[in-house]
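Everything below concerns the one structure shown next.
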Amino acid sequence: MEQKELVERLRKNPAALQQVMQSQDGQTLMRMLNGSDGGATLQKAAMQAAGGNTTQMVQMLQKIMQSPEGSALVQRINQSLQK
């Protein structure tokens with residue numbers, strides 16, 4: 001599952017989103033997404049995604065996936081959603 005697919009799946013399925021956010025991996029992802037601006041960029045991206053524009057959220061995930069830790073984290077989340 002690609003980043004855009006992951007974002008779309010979570011946007012369309014609030015129960016899956018809640019499950020991810022309650023997991024340890026979800027909490028780690030949130031810390032990474034909040035970044036150094038206290039979550040302002042994440043909040044803007046989430047609002048855009050809720051309106052159907054997932055571009056900024058996908059870009060944020062791609063940036064996280066540039067590190068080995070971030071890539072492994074997103075892969076684990078993808079796998080948990082496919083169960």
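By convention in this document, the chains of the structure tokens carry letters A, B, ... by their order, each chain's residues are numbered from 1, and ligands are numbered from 1 in the order they are shown.
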
Which neighbours of A:Thr55 fall inside 10 Å, counting only C-alpha atoms, when residues of the same chain fewer than 3 positions from it are skipped, and could you give them as a list in words?
Gln3, Lys4, Val7, Ala45, Gln48, Ala49, Gly52, Val58, Gln59 and Met60 of chain A

Mind writing the picked residues with C-alpha atoms as a CSV table (one decimal), in the first residue's frame?
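Once everything was written out, this is result-v7.csv:
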chain,number,residue,atom,x,y,z
A,3,GLN,CA,1.3,6.5,1.2
A,4,LYS,CA,-1.6,8.0,-0.8
A,7,VAL,CA,-4.0,8.3,3.8
A,45,ALA,CA,-2.5,18.7,6.3
A,48,GLN,CA,-6.9,19.4,3.8
A,49,ALA,CA,-7.1,15.6,3.9
A,52,GLY,CA,-10.3,15.4,0.1
A,58,VAL,CA,1.3,12.2,1.6
A,59,GLN,CA,4.3,14.5,1.4
A,60,MET,CA,4.7,14.4,5.2

Skipping near chain neighbours, those fewer than 5 positions away, what residues fall within 9 Å of stretch 65-75 of chain A using only C-alpha atoms, listed as an NGL selection string?
:A and (1 or 3 or 25-26 or 28-29 or 32 or 60 or 80)

Keeping N, CA and C atoms for every residue in the selection just given, could you write it to a file as an mmCIF file, in the first residue's frame?
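Output contents, as saved in out-v8.cif:
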data_model
loop_
_atom_site.group_PDB
_atom_site.id
_atom_site.type_symbol
_atom_site.label_atom_id
_atom_site.label_comp_id
_atom_site.auth_asym_id
_atom_site.auth_seq_id
_atom_site.Cartn_x
_atom_site.Cartn_y
_atom_site.Cartn_z
ATOM 1 N N MET A 1 0.851 -1.176 0.000
ATOM 2 C CA MET A 1 0.000 0.000 0.000
ATOM 3 C C MET A 1 0.895 1.236 0.000
ATOM 4 N N GLN A 3 1.675 5.455 0.197
ATOM 5 C CA GLN A 3 1.314 6.479 1.174
ATOM 6 C C GLN A 3 -0.054 7.080 0.883
ATOM 7 N N ASP A 25 2.694 2.241 17.505
ATOM 8 C CA ASP A 25 3.224 2.763 16.242
ATOM 9 C C ASP A 25 2.509 4.049 15.838
ATOM 10 N N GLY A 26 1.228 4.100 16.055
ATOM 11 C CA GLY A 26 0.463 5.305 15.742
ATOM 12 C C GLY A 26 0.912 6.496 16.571
ATOM 13 N N THR A 28 3.885 6.877 17.866
ATOM 14 C CA THR A 28 5.216 7.246 17.369
ATOM 15 C C THR A 28 5.091 8.064 16.090
ATOM 16 N N LEU A 29 4.207 7.640 15.200
ATOM 17 C CA LEU A 29 3.985 8.373 13.954
ATOM 18 C C LEU A 29 3.497 9.786 14.248
ATOM 19 N N MET A 32 6.314 11.971 15.232
ATOM 20 C CA MET A 32 7.137 12.311 14.070
ATOM 21 C C MET A 32 6.441 13.347 13.186
ATOM 22 N N MET A 60 4.200 14.583 3.825
ATOM 23 C CA MET A 60 4.723 14.430 5.182
ATOM 24 C C MET A 60 5.144 12.981 5.432
ATOM 25 N N SER A 80 -0.611 -3.688 9.682
ATOM 26 C CA SER A 80 -1.690 -3.817 10.676
ATOM 27 C C SER A 80 -3.041 -3.491 10.055
#

Find the distance between atom CA of A:Met47 and atom CA of A:Arg76 and write it in Å to one decimal.
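Interatomic distance, atom CA of A:Met47 to atom CA of A:Arg76: 24.7 Å.
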
For each of A:Leu6, A:Ile77, A:Ala50, A:Leu42, take the minimum atom-to-atom distance to A:Ser23, counting only C-alpha atoms, then give the residue where this is smallest.
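The answer is A:Ile77, which sits nearest to A:Ser23.
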
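In this model, the gap between atom CA of A:Gln79 and atom CA of A:Lys44 comes to 26.6 Å.
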
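Between atom CA of A:Leu17 and atom CA of A:Ser36 the interatomic distance comes to 23.2 Å.
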
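Here the question is which of A:Asn78, A:Lys83, A:Glu8, A:Glu2 gets nearest to A:Asn53 using only C-alpha atoms, and that residue is A:Glu8.
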
DSSP on the backbone: what in stretch 2-82 of chain A comes out alpha helix (DSSP H), as a PyMOL selection string?
chain A and resi 3-12+14-22+24-34+40-50+55-64+68-81
